[in-house]
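One structure is given here, and the rest of the page talks about it.
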Amino acid sequence: MDQKVYELINDQINKELYSAYLYLQMADYYEEEGLSGYANYFEIQAAEERDHALIFRNYLHANGMAVKLLAIDQPDKEYQNFMEPLEAALEHEKYVTALINDIYAAADEVKDYRAKQFLDWFIEEQCEEEENAMGMIDKMRLFGSDPRGLYELDREMAARVYSVPSPLAGE
Ligand code: FEO
């Protein structure tokens with residue numbers, strides 16, 4: 001495997017684990033504010049990010065490459081209202097999309113078609129992640145300032161269930 005592609009993929013394991021940490025912090029914020037449905041939503045989001053890290057890790061192993069786990073940064077955001085984590089989540093997903101694009105571009109440069117095919121799942125996933133994050137912002141903007149609306153939203157978030165992402169499901 002090309003060294004740059006390898007390093008970007010290895011780094012991405014760390015970025016995904018950081019994403020899990022960030023979303024867990026958002027879950028903590030909502031839990032502490034009494035919105036346990038939103039806390040559930042972000043706990044599941046954190047589990048998905050952990051899964052993303054595992055998918056990258058498995059890819060390196062499947063290609064005979066060593067995994068080097070790096071230190072995970074501390075998420076240090078303080079949230080002042082229910083909207084702020086949602087906006088931070090969208091910003092973060094845009095950042096992750098840019099990281100995936102960078103790996104794709106590096107793979108493209110060295111004609112690593114296997115890596116490109118592997119990354120296709122993440123390109124689709126990022127599209128979904130950004131769409132979900134925008135939807136969360138819209139709902140909060142439309143209904144979040146009304147206590148009854150917020151109560152209903154929190155119930156909706158409580159209904160989210162974890163499902164194993166397809167690249168991990170077959171293992
Ligand atoms: Fe692993 Fe939310 O992207």
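Quick note on naming: the chains in the structure tokens go A, B, ... in the order shown, residues restart at 1 in each chain, and ligands are numbered from 1 in order of appearance.
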
- Collect all residues with atoms no farther than 10 Å from ligand 1, counting only C-alpha atoms and all ligand atoms, and output them as a ChimeraX atom specification. /A:12-13,15-20,23,45-53,55,89-90,92-97,99-100,122-123,125-130,132-133

Taking C-alpha atoms for each residue, export the selection above as a short mmCIF file (atom, residue, chain, number, x, y, z; two decimals), in the first residue's frame.
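Produced file again_36.cif, reproduced below:
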data_model
loop_
_atom_site.label_atom_id
_atom_site.label_comp_id
_atom_site.auth_asym_id
_atom_site.auth_seq_id
_atom_site.Cartn_x
_atom_site.Cartn_y
_atom_site.Cartn_z
CA GLN A 12 -8.66 8.17 10.03
CA ILE A 13 -9.01 5.47 12.70
CA LYS A 15 -10.39 10.75 13.68
CA GLU A 16 -13.32 8.35 13.85
CA LEU A 17 -12.55 7.49 17.48
CA TYR A 18 -12.36 11.20 18.22
CA SER A 19 -15.77 11.58 16.53
CA ALA A 20 -17.11 8.91 18.89
CA TYR A 23 -20.63 12.59 20.16
CA GLN A 45 -23.94 8.21 16.84
CA ALA A 46 -20.87 7.54 18.99
CA ALA A 47 -21.27 3.79 18.49
CA GLU A 48 -21.44 4.33 14.71
CA GLU A 49 -18.23 6.33 14.81
CA ARG A 50 -16.51 3.56 16.76
CA ASP A 51 -17.72 1.22 14.01
CA HIS A 52 -16.24 3.49 11.34
CA ALA A 53 -12.88 3.25 13.14
CA ILE A 55 -13.96 -0.59 9.41
CA ALA A 89 -22.22 18.02 14.67
CA LEU A 90 -22.91 19.32 11.15
CA HIS A 92 -17.82 18.10 12.27
CA GLU A 93 -19.40 15.90 9.62
CA LYS A 94 -18.38 18.36 6.91
CA TYR A 95 -14.84 18.14 8.23
CA VAL A 96 -14.97 14.32 8.15
CA THR A 97 -16.28 14.44 4.58
CA LEU A 99 -10.94 13.96 5.30
CA ILE A 100 -12.54 11.09 3.38
CA PHE A 122 -17.80 6.19 3.36
CA ILE A 123 -18.59 8.71 0.63
CA GLU A 125 -22.21 7.44 4.47
CA GLN A 126 -20.95 11.03 4.75
CA CYS A 127 -23.73 12.20 2.48
CA GLU A 128 -26.20 10.55 4.85
CA GLU A 129 -24.46 11.89 7.96
CA GLU A 130 -24.58 15.48 6.71
CA ASN A 132 -29.13 13.73 9.13
CA ALA A 133 -27.22 16.53 10.86
#

- Apply DSSP to the backbone of this structure and, from range 37-136 of chain A, keep only the residues in helix (DSSP H, G or I); write these as a PyMOL selection string. chain A and resi 37-62+83-109+113-136

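Minimum atom-to-atom distances from A:Met26, A:Val110, A:Val67, A:Ala105 to Met1 in chain A were compared using only C-alpha atoms, and the lowest value belongs to A:Val110.
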
- Name all residues at most 12 Å from Val161 in chain A (count only C-alpha atoms; drop same-chain ones fewer than 5 positions away) and give them as a list of chain:residue names. A:Gly37, A:Asn40, A:Tyr41, A:Phe42, A:Glu43, A:Ile44, A:Gln45, A:Ala47, A:Glu48, A:Glu156

Take the residues from that selection and write them out as an mmCIF file, in the first residue's frame, keeping C-alpha atoms.
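selection.cif was written with the following content:
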data_model
loop_
_atom_site.group_PDB
_atom_site.id
_atom_site.type_symbol
_atom_site.label_atom_id
_atom_site.label_comp_id
_atom_site.auth_asym_id
_atom_site.auth_seq_id
_atom_site.Cartn_x
_atom_site.Cartn_y
_atom_site.Cartn_z
ATOM 1 C CA GLY A 37 -33.795 11.058 23.912
ATOM 2 C CA ASN A 40 -29.686 8.298 23.155
ATOM 3 C CA TYR A 41 -29.369 9.685 19.624
ATOM 4 C CA PHE A 42 -25.783 10.771 20.225
ATOM 5 C CA GLU A 43 -24.825 7.606 22.089
ATOM 6 C CA ILE A 44 -25.822 5.690 18.973
ATOM 7 C CA GLN A 45 -23.945 8.207 16.843
ATOM 8 C CA ALA A 47 -21.274 3.785 18.490
ATOM 9 C CA GLU A 48 -21.437 4.332 14.710
ATOM 10 C CA GLU A 156 -38.442 10.777 18.594
#
